[in-house]
Structure formats: C-alpha cells, structure tokens
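Q: Okay, here's the structure, questions in a sec.
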Amino acid sequence: MKDSMPSPFEFDGHSSPFNGSGMPTFFKTSGNDEPEENTEAETSELTSEDEVTRVFDNKGPLSEKEGYKIRPGQVEMAREVLKAIYDRHNLVVEAGTGVGKTFAYLVPILLSGRKALISTYSKALQDQLFNKDIKFLKSVLGVSCSVSVLKGASNYICLKGMSRAFSVPEPPESSDEEDSGGSSHEEIPAQQDLFAGMIDEAQAGLTREQIQKNKKIVNTVKNYLKSARTGEIEEFKNYMMSTGGFEPEVLQLNRLAYKKAFCNKKSCPFSENCFLSIARKKAKTSQIVVLNQSLLCYGVQNDEMLFPKAGIVVVDEAHKFEDTLRDAFSAEIGTESFNEAISSVFISQPYEKVKKDLNGREKKRTGGKKLVEGKLRDTAADNNGEAGNNEQDAVIRYEHDLLSEVDKVMADLKRFVDGKNKDSFLSYLDNMYTDDSCSLLTQYEKQAYRISTCASVQKNRQEATVTFGSEEAVLMDLNIDRFIQGLYRLGEKVGMAHKAVSRLNEGAKVILTQAGRTSELKSVSEEGEAVLNIFVDTYNFIGGIIQYINTCRTSGMMASAYYYWYTKVAETGFTITKSPFRPSMEFKNFFLSKEDCFHSFIFASATIDTGATSSPALDLIYDKKSESGTGKETDFQNFRYGIGLSSDNTVCRLVYSPFNFKNNAILCVPEDLANFTSNYDESKSKNLPYSCPMNTIKMLAPVINATRGGIFILVTSYDACHRYAEALRKNQFTSFGFTTARKVLEQERNSTNNGLISKFKEAGNAILIGTKSFWEGVDIPGDALSLVIIDKIPFPQKTVHKFMTRMRYESEGMNAFDKVDVTSAIIDLKQGVGRLIRTETDKGAVIICSKDLLSSANKSYAGRILNSLSYFNITNRIEVVRDLMENDFKHDGDSQE
C-alpha cells in the first residue's frame, strides 16, 4: 500500500466514527440471554458392554424391528462407542454400508444416560434421527430422556417479520401504550406489502379477486400460528401448500426468516412466543440434542453456547466435517450482503418512525395534502410566518433531510456494489489471468492448474456463446493497486452510510421523546443500533482485507491464519470471503480445549479411510480380516490431520460391511480404455471417454444389454450430464445396439433429486445421469439399481480452498496431490460406488471409466484408489461383467482376473 494513500480508517480527513479489529462481531451470535441449562445429575449407574451386546441379540429389544438380523460389526461399533463414553476418549469409525452405524452409536448413548449432541451434515438425516430412530429406540429400550432438535436461526419464522409481511397486529409493548401517544399494530406499516390491498384497496389498485386471495392467505397464516409445532419455515411452507394450495413464491419466505439485525429479544413484543427462542430453550435443557454440523460449529463461537454442555459429541457423515469447520468459521461481504444491509435500513424502526411522523406532519400542515419538496418556505410565508408553523416547518425540514440523506447515501452504495454498473466495485476485481468474461487468457490456459484462478463459462448449446462467466481466486491474483483503490471507495461509501444511519437513529429518538412516546425508545434504539453495527462490521472487514494484503506483500500468504478470496460473476456481483487457513486450529480452540463441555467425540461415516500409504488400512481385504471378523484398527491419518485430532486420545476403527460384495458385486476398469486418447482436444474428442459419451457407451453396451435393472451414470458436471443424455436418447438402437428401450433421465440445474428418483424406480430399467448430489445420500435397494457407471476419477474441482489446502501441505513438506486430490477422489469414489449395494440381497456391477487406473505411470495413486475399493472383486474385462450380469452373479466368489 502506497504511503501517499489515505488511511482506510479515515474519510475526508476525519477519523472514522467507529473503530474495531479482529473477527467482525456481526458474524457472531450473542447468547447472553439464554436460559440456565439443566444441570440435573446424569445417571451414576454404568452400562456394561454385555448389556449393550444383549440389545442387539436375536431375542433382544431390537428384534421387534422388521427384518432385524445380528450384525457383528454393529455390535462391535456399539461396544467401542460405550468405551469412548466411559473412558473419555475420542473415536473415529468408518462403518461400511449396512453396518447400521446410527443404532450403533445411539444405543450406548441412550443406555448410558449421558448428555449428547448428535450432529449430521444433512437435514434429511437430522430429521430421520429425531422423528424416527431415537423415538423407536426410546420405546424398545424403555428409556426416558428429553430429546430436542435444533436448527439454524434462518430455518425459523420471525413473528415480528411475519407481522410486517402479513399485517398481523403486534401486541402492545406496555399497558400504558395508549396513554403515551403510541399505538400497537398501526405503528407497523406494511411497507412494500403484497397485502397492501387489505389496507387500502383503492390505493393498491388490486382486483377484487386479488383482494380475496390476499385475505385468504392471511387467514390461513393465522390458522397456522394456532397449530404450529416448530415454527420452521419448512413447516409453514408445507402447511400453506397443503391447506390453502399457496405456492412458496407468494409467501415471501425470505421476509419471514429470522434476521439477527432485527432481533431484540428483550424488547420484542413476540419474545415469549418466539419459535427460535423456544427451540433454543428446549435444547438447553435436553439430554440429547440433534443438530447439523454447521450449527454445532456456529454454536461454540458464542459467548454462551446454544446447546448444553454435553460430554459426548457425535459427528455423523464425518467425511464432511473439515469443510464444515472451514465454512462455519468463515465470514464474507458481497453484493448480496450489501443489498440486505441496505434493505435493513429501510425496514428498520427508526426509518419507519421518522417517515410515518413526517407524513403525518405534512398532512396536518397542509390540510391533508402532502407538501411538495422545496415548497416549505413558500408555504410558511403564506401563513404569515406564525411561530407554531415555523416550528412545525423546522421539524418537517429536519425529518425530510434525515430521510433524504439516507435515501441518497444508500442509493449511491447500492449502485457501487451492483455488478451491472460499469464503474462498480466489481470493475476493481481485475484478475491478471482472466478477461472481462471471466475466461482464462490464452497465454495462461496451459497453466490453469498452477494458478489459483478458477474460471468457468456457461455456453448456449445452439450458438456456443458465453452468456455468463464466473471465477474465484485469492486476492493476490488481482491487480492489487487497483483493488486497493476500490476498497478505499467502498470503505468511504460504507462510512457515509454509517454516518447517515447514525443521524437517522438519533433523529428517531428525538422525535419519539418530544412526542412523549418513551415506551418505544428502547426497541427503536436497539434495532437502530443493530443496523448500525452491520456497517461497523463491514467497515472493519474492509480494514482487515487491507491489513491482509500488506501481510501477504511482506511475508507471503502463509503468514496469516486466515486467507481472503473473492468470487466474481460477470455483470452480476461479488463476494469477498475470509476463511481459516487451518480448520484444524478452529477445532482445537473451540472444541478440544473445552474439556468442561466435551470429553468424547465420536466421528462416524461410511467413507473415512483413504488408504494412505502409511496406514494399516492398505491390508484391508476380506481374506485379511482381524480375528473378530468385524473390523480392524487403523489410524485414519488424513482425516485426523484435516480436523486436528491427535492420536494420543483417539481410537480408530474400520468396521466392515456385512454385505457379501465378493459374491454379489464386481468392479471393472475396462482394459479397452487404453485405446482412448488422454489429451483433451474438442476437435478430436471422439476418442475421449469423458468428452464424448458415444465411445464410452458403445464400449459398455454389452453390459448395459445384460443389465435387467436400472443404471446410474455418475458424472461431475451438468455439461457431461447433458452430453450423455443426448447420446443415449438418439442412439440406443442405431449406434449402441440396445436390445431394450430404456428411459433416459437427466439431472438438470435446480431440479430435485426426489422427482428423478421416483421416475427412476417407476421405470424399473431406466438410465439416470446425475452429478455430485447423486453420488451420496441416495438409497435405491433391489433391482431398481443394478449397474453404476462412473465416467472418470472424481478429482476435486479447482477451487480456492483446494488451492490453499495444497499450499498448506506443500509448506509442511508433504505431497499436496496425494494428500488433497487423491484423498478427495477416494472419498467421492467410495460414496459413488456405495450407491450399488444397499441390502444383503442386492447384486450388480460398478464400472469406472478411467484409463489412469490402468496406467503404470500412475501406479502409486492408482493402486491406492483400487486398494480403497478392494472389498470388490476387480476385473478389467467387460465380458466378465457381462457374463455375471446375464447369469445373475451365479459364481463361486473367486476373484476375476
């Protein structure tokens, strides 16, 4: 930063009206008013391992579950969980498909009587745990304990927001409201309200049908409030759809969700019935709390945690936890956050109070006619300059100036952060390696994997023209001098916004005080201060960016504990994000160091082991099982390193799937792939398995014809989805020689998985082409899915996070490709192949179309990848797979060569 440039904390030669440093307070949640947690003593009677084992016996409590069978791996895992609880150590478990890991950790936790937090990555698993699994186990085990589910704040309806959106009256703030000159719901205008016609039909200009529909919506909303169970947005949406047939878009759900800037719990008239507060209070006094990983990470950042001090923490779907840690401890500003900040000003109480008071004074001053801007002085002169009128005019002028300043400053800020304007902040994000459309410059195309820029374009399929582009990169890839100029301009505009909002807040308090409406002061002041803090935090964030750049210039990017990066979408907008360099440090500081809160972490997933060369997991093939026949010790080195989990107090276990993969499934890497070219050249793409599906499908046609059930083709991009779908729709009988017509289902942007899965199951022998969301979490047992085709090794896409993670490993003398790319690919591959066998009677084949797995040049990582899938018989001959599929896997189980 040049010495001649002004300090980022000074505007127009004046010191900033606010100061601060460190992590912005806006990204933390205050918990000072949370209830006292339940400190009732936990049971002192210890559950034995034998008691846990008996639960899983054929005549035990679980035998009531239909189709229940003893699974030795499940029993072994449950015993390990119990040991971790009582011995106060950490446990990492990879539980293969069908082990039943959920019951394996729930049973010992419930029997132990200890408090526990159970976190998942997906809301679907969270709901299944709370609504189904725990209720069932409590019933069959005869256990009595309090259980609650807690979700992120944005999942809950804000009653105050609902009162504004739907004109539902607010309760009075105090019993003397009427005497103080205030009012109840009249003070809450339906600003920009869909239902304005209910208030003033003539002014709104709505038809009678529209008015009747709006009234029906509001009546349905009121009925929902009488029967609401959780107050979650999803519950409200489903109720409105099932009861009134209202589509989500007419409900303005974004206006109903909790927003921290407007949450003044102590003065909110709805505080006693606040859905979020009720959920948090219940969680604080519950023995078991079910929540997602993100909330688990956000919750520990508060001054007071959002959940009880539970000694046991379960992290299910643990392979996602490192990414969750990084995201939860990140903060950002951008076009969207600026627009939300600007909107928050216009719907805040200070703005509404001043505007309402101004409108009332103008109408009173002119006998019901609103004053025209600039005519105040003439009007006063016409009234012979009466003292009362002069005083009234002065107040009107003061209020008008307050609102005009806010309107002008916010409009200026909005123009600057809006990517559609030529001279916007987006124009200062000038990457050295890309053009205006966010495409890599020709001279850098061969270095795409050596730089941090991630460029992508969306093309019109008919005209092949760029319709929009996006990129993300570390800030140091920008033209730094120009970028800093943009930061100064942005900081100046944020400072002006702060000044305008500050004056508005003070003006609103003066107006209320003079009107004798003192009972409203607290609520208005708190909400005004909350909005003001948004601009304080934003300004401090900008200062942090400049400090980071200076650090990078003098000491390099590795010198900071955080890194800043940007995302840019051409002609749309931007974000600048601050992320922790080592998520493992956040885990140590916020979890492991809180021994008074947590003493046992249990990490569980079907995909943790990645076959690292230093790991005993390399020996894990079925003829080398441990004596127990259920699993083996391992160290899960890559997983533990990623989250900062020491081996000193951690036990790692790999529990095998009970399913007979050797007899019921086969994995093939076709030897014919050796004939495919490996150099990407679109003009010669006929030989590329991943760029031209025609050759891939031709090669696999014998297997497809022999497959009786449905087929998944798993790819890594929507473009690949479309190319496979197009090839299959046009060439099933001509080029491919299919003997049976198959319905082709293609995953498209913004489509839902559930709809496609339903069609897939109904068809019986369809081909579904899906991207990453179909690689995991999809459960289709039986013949409905018999063949899974993976079109290439799913090495991770080039993102800033992967780039910085590589830098971290390289700085510590490790092989970044092995630690980052190969490890990530193995996790995704294991998830993908895991879609095939979901029950002990399922049968089928997995085909991975990657010639890299055949190449001796890639022996190190090819062997590691194949070793991670060694529970399959592996072949490279298509005819072997075809014969097995035709004969319904009637073989002796020997390995196929």
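Order determines the names: the first chain of the structure tokens is A, the second B, and so forth; residues in each chain are numbered 1 upward, and ligands are numbered 1 upward as they are shown.
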Name the residues in contact with Pro670 of chain A at a cut-off of 9 Å, using only C-alpha atoms, excluding same-chain residues fewer than 3 positions from it; report them as an NGL selection string.
A: :A and (673-674 or 699-700 or 847-851 or 854 or 875-878)
Q: Write out, as a PDB file, in the first residue's frame, the residues just selected, with N, CA, C and O atoms.
A:
```pdb
ATOM      1  N   LEU A 673     -10.155 -49.078 -22.312  1.00  0.00           N
ATOM      2  CA  LEU A 673      -9.883 -47.650 -22.109  1.00  0.00           C
ATOM      3  C   LEU A 673      -8.476 -47.282 -22.563  1.00  0.00           C
ATOM      4  O   LEU A 673      -8.192 -46.124 -22.858  1.00  0.00           O
ATOM      5  N   ALA A 674      -7.586 -48.268 -22.622  1.00  0.00           N
ATOM      6  CA  ALA A 674      -6.211 -47.994 -23.049  1.00  0.00           C
ATOM      7  C   ALA A 674      -6.169 -47.462 -24.475  1.00  0.00           C
ATOM      8  O   ALA A 674      -5.192 -46.818 -24.881  1.00  0.00           O
ATOM      9  N   MET A 699     -18.684 -49.028 -25.830  1.00  0.00           N
ATOM     10  CA  MET A 699     -17.831 -49.992 -25.141  1.00  0.00           C
ATOM     11  C   MET A 699     -18.618 -50.772 -24.085  1.00  0.00           C
ATOM     12  O   MET A 699     -18.414 -51.974 -23.891  1.00  0.00           O
ATOM     13  N   LEU A 700     -19.558 -50.080 -23.402  1.00  0.00           N
ATOM     14  CA  LEU A 700     -20.300 -50.698 -22.304  1.00  0.00           C
ATOM     15  C   LEU A 700     -21.626 -51.305 -22.736  1.00  0.00           C
ATOM     16  O   LEU A 700     -22.338 -51.886 -21.900  1.00  0.00           O
ATOM     17  N   ILE A 847     -18.619 -49.827 -12.862  1.00  0.00           N
ATOM     18  CA  ILE A 847     -17.608 -49.657 -13.910  1.00  0.00           C
ATOM     19  C   ILE A 847     -17.043 -48.247 -13.802  1.00  0.00           C
ATOM     20  O   ILE A 847     -17.783 -47.265 -13.858  1.00  0.00           O
ATOM     21  N   ILE A 848     -15.730 -48.159 -13.633  1.00  0.00           N
ATOM     22  CA  ILE A 848     -15.062 -46.856 -13.565  1.00  0.00           C
ATOM     23  C   ILE A 848     -14.311 -46.640 -14.868  1.00  0.00           C
ATOM     24  O   ILE A 848     -13.385 -47.387 -15.194  1.00  0.00           O
ATOM     25  N   CYS A 849     -14.706 -45.615 -15.610  1.00  0.00           N
ATOM     26  CA  CYS A 849     -14.151 -45.380 -16.937  1.00  0.00           C
ATOM     27  C   CYS A 849     -12.971 -44.420 -16.884  1.00  0.00           C
ATOM     28  O   CYS A 849     -13.014 -43.312 -17.428  1.00  0.00           O
ATOM     29  N   SER A 850     -11.903 -44.863 -16.242  1.00  0.00           N
ATOM     30  CA  SER A 850     -10.702 -44.031 -16.147  1.00  0.00           C
ATOM     31  C   SER A 850      -9.483 -44.857 -16.519  1.00  0.00           C
ATOM     32  O   SER A 850      -9.118 -45.785 -15.793  1.00  0.00           O
ATOM     33  N   LYS A 851      -8.839 -44.488 -17.615  1.00  0.00           N
ATOM     34  CA  LYS A 851      -7.652 -45.222 -18.039  1.00  0.00           C
ATOM     35  C   LYS A 851      -6.481 -44.990 -17.092  1.00  0.00           C
ATOM     36  O   LYS A 851      -5.522 -45.761 -17.087  1.00  0.00           O
ATOM     37  N   LEU A 854      -5.401 -47.821 -15.128  1.00  0.00           N
ATOM     38  CA  LEU A 854      -4.709 -48.907 -15.820  1.00  0.00           C
ATOM     39  C   LEU A 854      -3.236 -48.605 -16.030  1.00  0.00           C
ATOM     40  O   LEU A 854      -2.447 -49.492 -16.316  1.00  0.00           O
ATOM     41  N   THR A 875     -11.933 -56.540 -11.935  1.00  0.00           N
ATOM     42  CA  THR A 875     -11.545 -57.064 -13.243  1.00  0.00           C
ATOM     43  C   THR A 875     -11.366 -55.914 -14.208  1.00  0.00           C
ATOM     44  O   THR A 875     -11.820 -54.791 -13.942  1.00  0.00           O
ATOM     45  N   ASN A 876     -10.704 -56.179 -15.329  1.00  0.00           N
ATOM     46  CA  ASN A 876     -10.621 -55.164 -16.383  1.00  0.00           C
ATOM     47  C   ASN A 876     -11.228 -55.679 -17.698  1.00  0.00           C
ATOM     48  O   ASN A 876     -11.019 -55.095 -18.748  1.00  0.00           O
ATOM     49  N   ARG A 877     -11.994 -56.759 -17.585  1.00  0.00           N
ATOM     50  CA  ARG A 877     -12.591 -57.362 -18.793  1.00  0.00           C
ATOM     51  C   ARG A 877     -14.104 -57.166 -18.785  1.00  0.00           C
ATOM     52  O   ARG A 877     -14.812 -57.651 -17.904  1.00  0.00           O
ATOM     53  N   ILE A 878     -14.579 -56.479 -19.802  1.00  0.00           N
ATOM     54  CA  ILE A 878     -16.011 -56.188 -19.938  1.00  0.00           C
ATOM     55  C   ILE A 878     -16.826 -57.470 -20.042  1.00  0.00           C
ATOM     56  O   ILE A 878     -17.927 -57.576 -19.483  1.00  0.00           O
TER      57      ILE A 878
END
```
Q: Looking only at the backbone, which of the residues in segment 226-371 of chain A does DSSP tag as alpha helix (DSSP H), as an MDAnalysis selection string?
A: chainID A and resid 226:227 233:244 253:256 275:284 293:299 321:328 335:346 349:365
Q: Nearest residue to Tyr298 of chain A out of A:Gly573, A:Gly245, A:Gly152, A:Gly231, using only C-alpha atoms?
A: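 Once distances to Tyr298 of chain A are computed over only C-alpha atoms, the minimum belongs to A:Gly152.
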Q: Enter the distance from atom CA of Ala228 of chain A to atom CA of Phe275 of chain A, in Å, rounded to one decimal.
A: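 Taking atom CA of Ala228 of chain A and atom CA of Phe275 of chain A, their separation equals 9.3 Å.
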Q: Could you check which of A:Asp418, A:Ile711, A:Thr120, A:Glu746 is closest to Glu726 of chain A, using only C-alpha atoms?
A: A:Glu746
Q: From the options A:Phe601, A:Phe760, A:Phe676, A:Phe736, which residue's atoms come nearest to Ile312 of chain A, counting only C-alpha atoms?
A: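 Smallest separation from Ile312 of chain A among the options: A:Phe601.
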Q: Have a look at atom CA of Leu325 of chain A and atom CA of Pro580 of chain A and let me know their distance in Å, one decimal.
A: 8.9 Å
Q: What is the atom CA of Ala473 of chain A to atom CA of Val417 of chain A distance in Å?
A: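 Atom CA of Val417 of chain A lies at a distance of 18.8 Å from atom CA of Ala473 of chain A.
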